[in-house]
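Peer 1: Next up, start-v5.cif (mmCIF, C-alpha atoms).
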data_model
#
loop_
_atom_site.label_atom_id
_atom_site.label_comp_id
_atom_site.auth_asym_id
_atom_site.auth_seq_id
_atom_site.Cartn_x
_atom_site.Cartn_y
_atom_site.Cartn_z
CA MET A 1071 1.64 10.58 1.80
CA ASP A 1072 -2.12 11.12 1.83
CA ASN A 1073 -3.08 7.63 0.64
CA ASP A 1074 -0.81 6.07 3.21
CA THR A 1075 -2.40 8.13 5.95
CA ALA A 1076 -5.93 7.37 4.78
CA ILE A 1077 -5.61 3.63 4.35
CA MET A 1078 -2.58 2.31 6.20
CA ASP A 1079 -4.30 2.54 9.58
CA LEU A 1080 -7.48 0.88 8.36
CA GLY A 1081 -8.13 -2.18 10.42
CA ASN A 1082 -5.18 -4.43 9.65
CA PRO A 1083 -2.63 -3.84 12.40
CA LYS A 1084 -0.82 -7.15 11.88
CA LYS A 1085 -0.03 -6.76 8.13
CA LEU A 1086 -1.15 -10.34 7.48
CA GLY A 1087 -4.06 -10.86 5.12
CA PHE A 1088 -6.05 -14.08 4.72
CA GLY A 1089 -6.20 -14.95 1.02
CA LEU A 1090 -9.35 -16.98 0.45
CA MET A 1091 -8.29 -18.48 -2.88
CA ARG A 1092 -6.78 -21.72 -1.60
CA LEU A 1093 -9.19 -22.69 1.17
CA PRO A 1094 -9.25 -26.23 2.58
CA LYS A 1095 -11.37 -28.70 0.65
CA LYS A 1096 -13.72 -31.49 1.60
CA GLY A 1097 -13.99 -33.41 -1.62
CA PRO A 1098 -14.68 -30.87 -4.40
CA PHE A 1099 -16.18 -28.34 -1.98
CA THR A 1100 -14.76 -25.85 0.50
CA ASP A 1101 -14.42 -27.27 4.00
CA ILE A 1102 -16.49 -24.65 5.81
CA ARG A 1103 -15.88 -26.16 9.25
CA GLN A 1104 -12.11 -25.95 8.89
CA THR A 1105 -12.34 -22.54 7.21
CA THR A 1106 -14.42 -21.27 10.13
CA ALA A 1107 -11.81 -22.43 12.63
CA MET A 1108 -9.12 -20.69 10.61
CA VAL A 1109 -11.14 -17.46 10.46
CA ASP A 1110 -11.58 -17.56 14.25
CA THR A 1111 -7.85 -18.09 14.81
CA PHE A 1112 -7.02 -15.28 12.39
CA LEU A 1113 -9.31 -12.75 14.07
CA GLU A 1114 -8.27 -13.79 17.57
CA ALA A 1115 -4.69 -12.93 16.59
CA GLY A 1116 -5.75 -9.37 15.75
CA CYS A 1117 -5.66 -9.82 11.96
CA THR A 1118 -8.59 -8.42 10.01
CA TYR A 1119 -8.00 -8.38 6.23
CA PHE A 1120 -9.76 -11.01 4.10
CA ASP A 1121 -9.30 -11.25 0.34
CA THR A 1122 -11.61 -13.03 -2.08
CA ALA A 1123 -12.78 -12.60 -5.69
CA PHE A 1124 -15.78 -13.26 -7.89
CA VAL A 1125 -13.73 -15.78 -9.90
CA TYR A 1126 -12.49 -17.78 -6.87
CA LEU A 1127 -14.84 -20.76 -6.97
CA GLY A 1128 -16.88 -20.93 -3.77
CA SER A 1129 -14.74 -18.34 -2.01
CA GLU A 1130 -17.24 -15.50 -1.63
CA ASP A 1131 -19.85 -17.94 -0.30
CA ALA A 1132 -17.30 -19.30 2.15
CA ALA A 1133 -16.53 -15.76 3.31
CA ARG A 1134 -20.21 -15.24 4.10
CA LYS A 1135 -20.59 -18.52 5.97
CA ALA A 1136 -17.33 -18.52 7.94
CA LEU A 1137 -16.88 -14.79 8.49
CA VAL A 1138 -19.61 -12.30 7.59
CA SER A 1139 -22.54 -14.17 9.15
CA ARG A 1140 -20.64 -14.75 12.40
CA TYR A 1141 -18.91 -11.47 13.23
CA PRO A 1142 -19.93 -7.81 13.51
CA ARG A 1143 -19.20 -6.03 10.23
CA GLU A 1144 -16.81 -3.58 11.85
CA ASN A 1145 -14.57 -6.41 13.08
CA PHE A 1146 -13.03 -7.14 9.68
CA THR A 1147 -12.20 -5.70 6.28
CA LEU A 1148 -13.17 -7.53 3.11
CA ALA A 1149 -11.68 -7.30 -0.36
CA THR A 1150 -13.11 -8.77 -3.54
CA LYS A 1151 -12.55 -8.24 -7.25
CA LEU A 1152 -14.21 -7.60 -10.60
CA PHE A 1153 -12.88 -9.47 -13.65
CA ALA A 1154 -13.67 -7.83 -16.99
CA GLY A 1155 -12.87 -11.02 -18.91
CA LEU A 1156 -16.31 -12.33 -17.92
CA CYS A 1157 -18.16 -9.15 -18.85
CA PRO A 1158 -19.44 -8.51 -22.39
CA THR A 1159 -21.05 -5.25 -21.21
CA GLN A 1160 -20.87 -2.79 -18.33
CA LYS A 1161 -24.25 -4.12 -17.18
CA ALA A 1162 -22.68 -7.57 -16.85
CA ALA A 1163 -19.87 -6.01 -14.82
CA ARG A 1164 -22.34 -4.27 -12.55
CA ASP A 1165 -24.20 -7.56 -12.14
CA GLN A 1166 -20.91 -9.20 -11.19
CA PHE A 1167 -20.39 -6.59 -8.48
CA HIS A 1168 -23.89 -7.06 -7.08
CA THR A 1169 -23.44 -10.83 -7.16
CA SER A 1170 -20.33 -10.40 -5.02
CA LEU A 1171 -22.33 -8.29 -2.57
CA LYS A 1172 -25.03 -10.97 -2.41
CA ARG A 1173 -22.62 -13.89 -2.09
CA THR A 1174 -20.60 -12.28 0.69
CA GLY A 1175 -23.58 -10.69 2.44
CA ALA A 1176 -21.18 -7.96 3.51
CA GLY A 1177 -23.38 -4.94 2.71
CA TYR A 1178 -20.37 -3.08 1.36
CA ILE A 1179 -16.87 -3.97 0.19
CA ASP A 1180 -13.94 -2.36 2.01
CA PHE A 1181 -11.41 -2.89 -0.79
CA TYR A 1182 -12.75 -3.43 -4.29
CA LEU A 1183 -10.30 -4.25 -7.06
CA LEU A 1184 -10.39 -4.34 -10.82
CA HIS A 1185 -8.85 -7.76 -11.25
CA SER A 1186 -5.58 -8.82 -12.88
CA LEU A 1187 -4.80 -5.90 -15.16
CA MET A 1188 -2.04 -6.41 -17.72
CA GLU A 1189 -1.13 -5.46 -21.29
CA SER A 1190 -3.52 -7.97 -22.81
CA ASN A 1191 -6.69 -6.81 -21.03
CA TYR A 1192 -6.40 -3.33 -19.54
CA GLN A 1193 -8.13 -1.71 -22.51
CA ARG A 1194 -11.24 -3.76 -21.83
CA TYR A 1195 -11.57 -2.07 -18.44
CA GLU A 1196 -11.35 1.26 -20.24
CA LYS A 1197 -13.79 0.28 -22.98
CA LEU A 1198 -16.45 -0.80 -20.48
CA LYS A 1199 -15.81 2.32 -18.37
CA LEU A 1200 -15.33 0.18 -15.30
CA TRP A 1201 -13.16 2.81 -13.62
CA ASP A 1202 -16.21 5.09 -13.64
CA MET A 1203 -18.54 2.30 -12.57
CA VAL A 1204 -16.62 1.48 -9.41
CA GLN A 1205 -16.45 5.17 -8.48
CA GLU A 1206 -20.24 5.35 -8.85
CA GLU A 1207 -20.62 2.40 -6.50
CA LYS A 1208 -18.22 4.04 -4.08
CA ALA A 1209 -20.32 7.21 -4.12
CA LYS A 1210 -23.32 5.07 -3.17
CA GLY A 1211 -21.44 3.69 -0.16
CA ARG A 1212 -21.15 0.14 -1.48
CA ILE A 1213 -17.37 0.40 -1.85
CA ARG A 1214 -15.01 2.03 0.65
CA HIS A 1215 -11.69 1.94 -1.28
CA VAL A 1216 -10.95 1.29 -4.96
CA GLY A 1217 -7.81 -0.31 -6.35
CA PHE A 1218 -6.62 -2.88 -8.86
CA SER A 1219 -4.49 -6.00 -8.96
CA PHE A 1220 -1.71 -5.94 -11.51
CA HIS A 1221 0.41 -8.38 -13.51
CA GLY A 1222 1.91 -6.14 -16.18
CA SER A 1223 4.97 -4.03 -16.84
CA PRO A 1224 6.13 -1.01 -14.83
CA GLU A 1225 5.46 1.14 -17.90
CA LEU A 1226 1.81 0.08 -17.95
CA LEU A 1227 1.52 0.53 -14.19
CA GLU A 1228 2.81 4.08 -14.51
CA LYS A 1229 0.37 4.76 -17.34
CA LEU A 1230 -2.59 3.49 -15.31
CA LEU A 1231 -1.66 5.45 -12.21
CA ASN A 1232 -1.19 8.60 -14.26
CA GLU A 1233 -4.56 8.17 -15.96
CA HIS A 1234 -6.42 7.11 -12.81
CA PRO A 1235 -5.17 9.19 -9.87
CA GLU A 1236 -8.37 8.27 -8.02
CA VAL A 1237 -7.00 4.78 -7.40
CA GLU A 1238 -6.29 4.37 -3.69
CA PHE A 1239 -4.14 1.22 -3.60
CA VAL A 1240 -2.59 -1.43 -5.84
CA GLN A 1241 -2.10 -5.15 -5.42
CA LEU A 1242 1.25 -6.45 -6.69
CA GLN A 1243 3.11 -9.74 -6.84
CA LEU A 1244 6.10 -9.17 -4.59
CA ASN A 1245 8.48 -11.79 -3.26
CA TYR A 1246 12.22 -12.16 -2.95
CA ALA A 1247 12.43 -14.68 -5.80
CA ASP A 1248 10.67 -12.39 -8.30
CA TRP A 1249 12.31 -9.20 -7.10
CA GLU A 1250 14.51 -8.90 -10.19
CA ASP A 1251 12.63 -11.27 -12.50
CA LYS A 1252 12.54 -9.66 -15.95
CA ARG A 1253 9.05 -10.95 -16.63
CA ILE A 1254 7.37 -10.12 -13.33
CA THR A 1255 9.47 -7.01 -12.57
CA SER A 1256 8.50 -7.02 -8.90
CA ARG A 1257 10.98 -4.39 -7.75
CA ARG A 1258 10.29 -2.02 -10.60
CA ASN A 1259 6.52 -2.28 -10.13
CA TYR A 1260 6.97 -1.75 -6.41
CA GLU A 1261 9.01 1.40 -7.09
CA VAL A 1262 6.34 2.77 -9.44
CA ALA A 1263 3.65 2.27 -6.80
CA ARG A 1264 5.80 4.03 -4.22
CA LYS A 1265 6.52 6.88 -6.64
CA PHE A 1266 2.78 7.52 -6.83
CA GLY A 1267 2.30 7.10 -3.09
CA LYS A 1268 -0.06 4.14 -3.42
CA PRO A 1269 -0.33 1.67 -0.53
CA ILE A 1270 0.40 -1.86 -1.66
CA VAL A 1271 -1.37 -5.13 -1.01
CA VAL A 1272 1.10 -7.94 -1.61
CA MET A 1273 0.00 -11.08 -3.41
CA GLU A 1274 2.06 -14.22 -3.99
CA PRO A 1275 4.61 -13.50 -1.24
CA VAL A 1276 5.39 -17.22 -1.12
CA LYS A 1277 5.13 -17.53 -4.93
CA GLY A 1278 2.22 -19.92 -4.90
CA GLY A 1279 3.83 -21.99 -2.16
CA LEU A 1280 7.14 -22.48 -3.96
CA LEU A 1281 9.02 -20.41 -1.39
CA ALA A 1282 7.54 -22.49 1.42
CA LYS A 1283 9.87 -25.19 0.16
CA PRO A 1284 12.77 -23.51 -1.61
CA PRO A 1285 15.91 -25.32 -2.82
CA LYS A 1286 17.78 -27.17 -0.08
CA ASP A 1287 20.70 -24.71 -0.19
CA ILE A 1288 18.29 -21.93 0.74
CA GLN A 1289 16.57 -23.98 3.43
CA ASP A 1290 19.96 -24.74 4.98
CA LEU A 1291 20.95 -21.08 4.77
CA PHE A 1292 17.78 -19.91 6.51
CA GLU A 1293 18.01 -22.61 9.16
CA LYS A 1294 21.56 -21.56 10.02
CA VAL A 1295 20.59 -17.92 10.47
CA HIS A 1296 17.23 -18.45 12.20
CA PRO A 1297 16.83 -22.03 13.42
CA GLY A 1298 13.27 -23.29 13.43
CA ALA A 1299 11.81 -20.49 11.33
CA SER A 1300 9.78 -21.76 8.40
CA PRO A 1301 10.87 -20.84 4.86
CA ALA A 1302 7.44 -19.24 4.40
CA SER A 1303 8.14 -16.89 7.31
CA TRP A 1304 11.19 -15.55 5.50
CA ALA A 1305 9.19 -14.84 2.37
CA ILE A 1306 6.28 -13.17 4.16
CA ARG A 1307 8.54 -11.08 6.41
CA PHE A 1308 10.51 -9.92 3.37
CA ALA A 1309 7.31 -8.61 1.77
CA ALA A 1310 5.81 -7.22 4.98
CA GLY A 1311 8.97 -5.24 5.69
CA LEU A 1312 8.76 -3.24 2.47
CA GLU A 1313 7.71 0.39 2.86
CA GLY A 1314 4.15 1.23 1.97
CA VAL A 1315 2.77 -2.30 2.35
CA LEU A 1316 -0.78 -2.34 3.67
CA THR A 1317 -1.03 -6.10 4.02
CA VAL A 1318 0.58 -9.30 2.80
CA LEU A 1319 -1.86 -11.91 1.56
CA SER A 1320 -1.23 -15.52 2.41
CA GLY A 1321 -3.42 -18.11 0.72
CA MET A 1322 -3.62 -20.44 3.70
CA SER A 1323 -5.05 -23.89 3.12
CA ASN A 1324 -4.92 -25.45 6.58
CA MET A 1325 -4.63 -24.61 10.25
CA GLN A 1326 -0.93 -25.47 10.33
CA GLN A 1327 -0.18 -22.74 7.79
CA MET A 1328 -2.40 -20.32 9.70
CA GLU A 1329 -0.67 -20.99 13.02
CA ASP A 1330 2.77 -20.70 11.46
CA ASN A 1331 1.96 -17.34 9.87
CA ILE A 1332 0.46 -15.96 13.05
CA SER A 1333 3.48 -17.10 15.07
CA PHE A 1334 5.72 -14.53 13.37
CA MET A 1335 3.17 -11.92 12.27
CA ARG A 1336 1.34 -11.46 15.58
CA ILE A 1337 4.29 -9.32 16.68
CA PHE A 1338 5.93 -8.51 13.35
CA GLN A 1339 9.65 -7.87 13.19
CA PRO A 1340 11.22 -6.76 9.89
CA LEU A 1341 14.25 -8.66 8.66
CA ASN A 1342 17.42 -7.63 10.47
CA GLU A 1343 20.76 -7.09 8.72
CA GLU A 1344 21.85 -10.71 9.01
CA GLU A 1345 18.51 -11.95 7.72
CA THR A 1346 18.58 -9.44 4.87
CA ARG A 1347 22.00 -10.73 3.84
CA ALA A 1348 20.55 -14.25 3.88
CA ILE A 1349 17.73 -13.15 1.58
CA HIS A 1350 20.30 -11.64 -0.79
CA GLU A 1351 22.18 -14.92 -0.80
CA ALA A 1352 18.93 -16.79 -1.45
CA GLN A 1353 18.27 -14.48 -4.39
CA ARG A 1354 21.78 -15.20 -5.68
CA ILE A 1355 21.14 -18.91 -5.39
CA LEU A 1356 17.92 -18.48 -7.34
CA GLY A 1357 19.79 -16.47 -9.96
CA GLN A 1358 17.66 -13.39 -9.48
CA SER A 1359 19.79 -11.03 -7.42
CA VAL A 1360 21.29 -7.85 -8.81
CA THR A 1361 22.73 -6.80 -5.49
CA ILE A 1362 26.45 -6.18 -5.32
CA PRO A 1363 28.12 -9.23 -3.73
CA CYS A 1364 30.39 -7.14 -1.52
CA THR A 1365 31.36 -8.85 1.74
CA ALA A 1366 32.54 -5.60 3.37
CA CYS A 1367 35.99 -7.09 3.95
CA ARG A 1368 37.36 -3.55 3.45
CA TYR A 1369 40.44 -4.69 1.54
CA CYS A 1370 39.63 -1.97 -0.97
CA THR A 1371 39.58 1.05 1.33
CA PRO A 1372 43.15 1.46 2.66
CA GLY A 1373 44.63 1.87 -0.81
CA CYS A 1374 41.98 4.22 -2.16
CA PRO A 1375 43.76 7.57 -2.81
CA LYS A 1376 40.48 9.44 -2.26
CA GLY A 1377 39.42 7.59 0.88
CA ILE A 1378 36.05 6.46 -0.52
CA ALA A 1379 34.19 4.21 1.89
CA ILE A 1380 33.35 1.74 -0.87
CA PRO A 1381 31.56 -0.90 1.28
CA GLU A 1382 29.22 1.78 2.68
CA VAL A 1383 28.34 2.94 -0.84
CA PHE A 1384 27.55 -0.64 -1.85
CA ALA A 1385 25.56 -1.26 1.33
CA ALA A 1386 23.31 1.68 0.47
CA MET A 1387 22.86 0.39 -3.07
CA ASN A 1388 22.04 -3.09 -1.83
CA ARG A 1389 19.44 -1.69 0.53
CA LYS A 1390 17.76 -0.09 -2.46
CA LEU A 1391 18.05 -3.11 -4.75
CA GLY A 1392 17.47 -5.88 -2.25
CA SER A 1393 14.94 -4.43 0.18
CA GLY A 1394 13.18 -1.72 -1.78
CA GLN A 1395 13.94 0.83 0.94
CA ALA A 1396 14.76 3.60 -1.52
CA GLU A 1397 14.42 6.58 0.82
CA GLU A 1398 16.52 5.07 3.60
CA ALA A 1399 19.08 3.89 1.05
CA ARG A 1400 19.43 7.36 -0.43
CA ALA A 1401 19.88 8.91 3.03
CA GLU A 1402 22.50 6.26 3.80
CA TYR A 1403 24.28 6.97 0.50
CA LEU A 1404 24.39 10.74 1.06
CA LYS A 1405 26.16 10.23 4.39
CA VAL A 1406 29.14 8.62 2.64
CA GLN A 1407 31.76 11.32 2.13
CA PRO A 1408 33.62 11.39 -0.11
CA GLY A 1409 31.32 9.43 -2.37
CA PRO A 1410 31.70 7.80 -5.78
CA GLU A 1411 32.04 11.20 -7.44
CA ALA A 1412 35.59 11.37 -6.05
CA CYS A 1413 36.70 8.20 -7.86
CA ILE A 1414 39.64 8.83 -10.22
CA GLN A 1415 39.38 5.37 -11.86
CA CYS A 1416 42.80 4.24 -10.70
CA GLY A 1417 41.68 0.66 -10.17
CA LYS A 1418 43.66 0.03 -6.98
CA CYS A 1419 40.53 -1.23 -5.25
CA GLU A 1420 39.85 -3.85 -7.90
CA ALA A 1421 43.39 -5.17 -7.68
CA VAL A 1422 42.87 -6.24 -4.07
CA CYS A 1423 39.19 -7.25 -4.07
CA PRO A 1424 38.88 -10.94 -3.11
CA GLN A 1425 35.48 -11.07 -4.81
CA HIS A 1426 37.01 -9.75 -8.06
CA LEU A 1427 34.28 -7.14 -8.31
CA PRO A 1428 34.27 -4.47 -11.04
CA ILE A 1429 34.26 -1.83 -8.31
CA ARG A 1430 34.65 1.17 -10.60
CA GLU A 1431 31.69 0.06 -12.66
CA HIS A 1432 29.58 -0.49 -9.54
CA LEU A 1433 30.55 2.92 -8.12
CA LYS A 1434 29.44 4.57 -11.36
CA ALA A 1435 26.12 2.69 -11.23
CA CYS A 1436 25.60 3.75 -7.61
CA ARG A 1437 26.22 7.37 -8.46
CA GLU A 1438 23.77 7.25 -11.35
CA ALA A 1439 21.14 5.48 -9.26
CA PHE A 1440 21.21 7.91 -6.35
CA GLU A 1441 22.02 11.17 -8.08
CA GLU A 1442 19.55 10.90 -10.93
CA ASN A 1443 16.89 12.34 -8.61
#
Translate this structure into structure tokens?
Peer 2:
Amino acid sequence: MDNDTAIMDLGNPKKLGFGLMRLPKKGPFTDIRQTTAMVDTFLEAGCTYFDTAFVYLGSEDAARKALVSRYPRENFTLATKLFAGLCPTQKAARDQFHTSLKRTGAGYIDFYLLHSLMESNYQRYEKLKLWDMVQEEKAKGRIRHVGFSFHGSPELLEKLLNEHPEVEFVQLQLNYADWEDKRITSRRNYEVARKFGKPIVVMEPVKGGLLAKPPKDIQDLFEKVHPGASPASWAIRFAAGLEGVLTVLSGMSNMQQMEDNISFMRIFQPLNEEETRAIHEAQRILGQSVTIPCTACRYCTPGCPKGIAIPEVFAAMNRKLGSGQAEEARAEYLKVQPGPEACIQCGKCEAVCPQHLPIREHLKACREAFEEN
């Protein structure tokens, strides 16, 4: 995809982004000395993407002091954001942009985002013609890439991407806990972005820190599979392993968090099959998983009169639902012959399933999911 090709190689080889929203504090102020040490550690690890915003108190100034004033401009990429809620006019919005340029001292912004679009505010961005404004600033060389951060429904996301094909990337809240959340609709928003070929910046991969300390059942599960790995590493690796992800933002607040993140993102490895199963189980524990709880015991296959490899069908579906790897899942599904279309609804499989799964219903859902395209 063209957007992938244009942006995915842009200066962030490690897929870890430094979110500058939750910087360390010294009293009420940002601890610039500690922030500087964290910036140095981040860059030394080969990571380059820094994310701030006009509305993050003190953050753009901290970016100038700890990063921009100390490193050559080509050594990093900087993202910041424009929030229409503070703008009564387009002039006020333009002033906000120029204030960000002055605060950061960056000269230009690599990734500029219209901030936090959702059903309640997206029309304000239209009314003030901010989509046009940011394109004008891009034409002047003050912005390299234009995108938006999003907290709305998949229907609104599709509408925005249809109406603004010039958008080069989107920033979405993606984490394993919210993957099937009916309010946040992480998976569905992710799938819309992929449908339009837009690279994705991931925000809230650790859900505001909640997934750094998940329920004890999940901590025990993760520890059993990968002893010593932090819960945060599971959450960030889940997000970083999704197709089309440009970078995963982590709002690091101290050097310990920085060093932990770098320990597993310096040489990034996507979740393997065992780890993916653990994530599915964690989602089940959290009550958010829609994956099929098939254990691949294969009790169902010997008695199937049509010889359908039922566990393989479900594995493909779970790859789509649980990992967002739609293209690989579809290819995996098409290899299963005969597939769900051969089912004669005899029910012999369900009679022997130790998980008591409604297998016929799941097979029908798999067929609809993969053959609707």
Peer 1: Within 9 Å of Val1109 of chain A, counting only C-alpha atoms, which residues show up once you throw out same-chain ones fewer than 5 positions away? Write them as a PyMOL selection string, please.
Peer 2: chain A and resi 1088+1104+1114+1136-1137
Peer 1: So how many Å separate atom CA of Val1383 of chain A and atom CA of Val1406 of chain A, to one decimal?
Peer 2: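 Taking atom CA of Val1383 of chain A and atom CA of Val1406 of chain A, their separation equals 6.7 Å.
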Peer 1: Box in all listed atoms of segment 1418-1422 of chain A, axis-aligned, with 5 Å more on each side; write out centre and edge lengths in Å to one decimal as AutoDock Vina command-line options.
Peer 2:
--center_x 41.8 --center_y -3.1 --center_z -6.0 --size_x 13.8 --size_y 16.3 --size_z 13.8
Peer 1: Which one of A:Gly1409, A:Pro1275, A:Gly1087, A:Pro1381 sits closest to Arg1336 of chain A if you count only C-alpha atoms?
Peer 2: A:Gly1087
Peer 1: With the file shown as input, list the residues that the PyMOL selection byres ((chain A and resi 1401) around 12) selects, as a count of residues only.
Peer 2: 20
Peer 1: If you measure from atom CA of Ser1170 of chain A to atom CA of Leu1226 of chain A, what distance in Å do you get, rounded to one decimal?
Peer 2: 27.7 Å
Peer 1: Which one of A:Val1237, A:Ala1366, A:Leu1427, A:Met1203 sits closest to Arg1164 of chain A if you count only C-alpha atoms?
Peer 2: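 The answer is A:Met1203, which sits nearest to Arg1164 of chain A.
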Peer 1: Can you find the residues with an atom no farther than 10 Å from (-5.9, -2.9, -7.8), counting all atoms listed in the file, and report them as a ChimeraX atom specification?
Peer 2: /A:1151-1152,1181-1187,1215-1220,1237-1242,1270-1271
Peer 1: Go through A:Lys1418, A:Lys1208, A:Arg1092, A:Arg1103 one by one, measure the shortest atom-to-atom distance of each to Gly1377 of chain A using all atoms listed in the file, and give the residue with the smallest value.
Peer 2: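 Closest residue, counting all atoms listed in the file: A:Lys1418.
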Peer 1: Please list as an MDAnalysis selection string every residue within 10 Å of Gly1177 of chain A, counting only C-alpha atoms and excluding residues in the same chain fewer than 2 positions away.
Peer 2: chainID A and resid 1138 1143 1170:1172 1174:1175 1179:1180 1211:1213
Peer 1: Take atom CA of Leu1127 of chain A and atom CA of Thr1147 of chain A and report the distance between them in Å, one decimal.
Peer 2: 20.2 Å
Peer 1: Expanded to explicit residues, what is the PyMOL selection byres ((chain A and resi 1245) around 7) for this file, as a ChimeraX atom specification?
Peer 2: /A:1243-1244,1246-1249,1274-1277,1305,1309
Peer 1: Kindly resolve the PyMOL selection byres ((chain A and resi 1264) around 12) on the present coordinates and return the residues as a PyMOL selection string.
Peer 2: chain A and resi 1071+1073-1074+1224+1227-1228+1231+1239-1240+1242+1257-1263+1265-1270+1312-1315+1394-1397
Peer 1: With all atoms listed in the file as the atoms that count, which of A:Ile1254, A:Ala1412, A:Met1335, A:Ile1288 lies nearest to Lys1084 of chain A?
Peer 2: A:Met1335
Peer 1: Which is closest to Asp1121 of chain A among A:Leu1319, A:Leu1291, A:Met1188, A:Leu1093, if we use all atoms listed in the file?
Peer 2: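 Of A:Leu1319, A:Leu1291, A:Met1188, A:Leu1093, the one nearest Asp1121 of chain A, counting all atoms listed in the file, is A:Leu1319.
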Peer 1: Please identify all polymer residues lying at most 10 Å from the point (-6.0, -17.0, 12.2) (file coordinates), using only C-alpha atoms, and present the result as a PyMOL selection string.
Peer 2: chain A and resi 1086-1088+1105-1118+1322+1325+1327-1333+1336
Peer 1: Taking into account all atoms listed in the file, which residue in the set A:Asn1388, A:Gln1353, A:Thr1122, A:Gln1415 is nearest to Glu1250 of chain A?
Peer 2: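 Distance minimum relative to Glu1250 of chain A lands on A:Gln1353.
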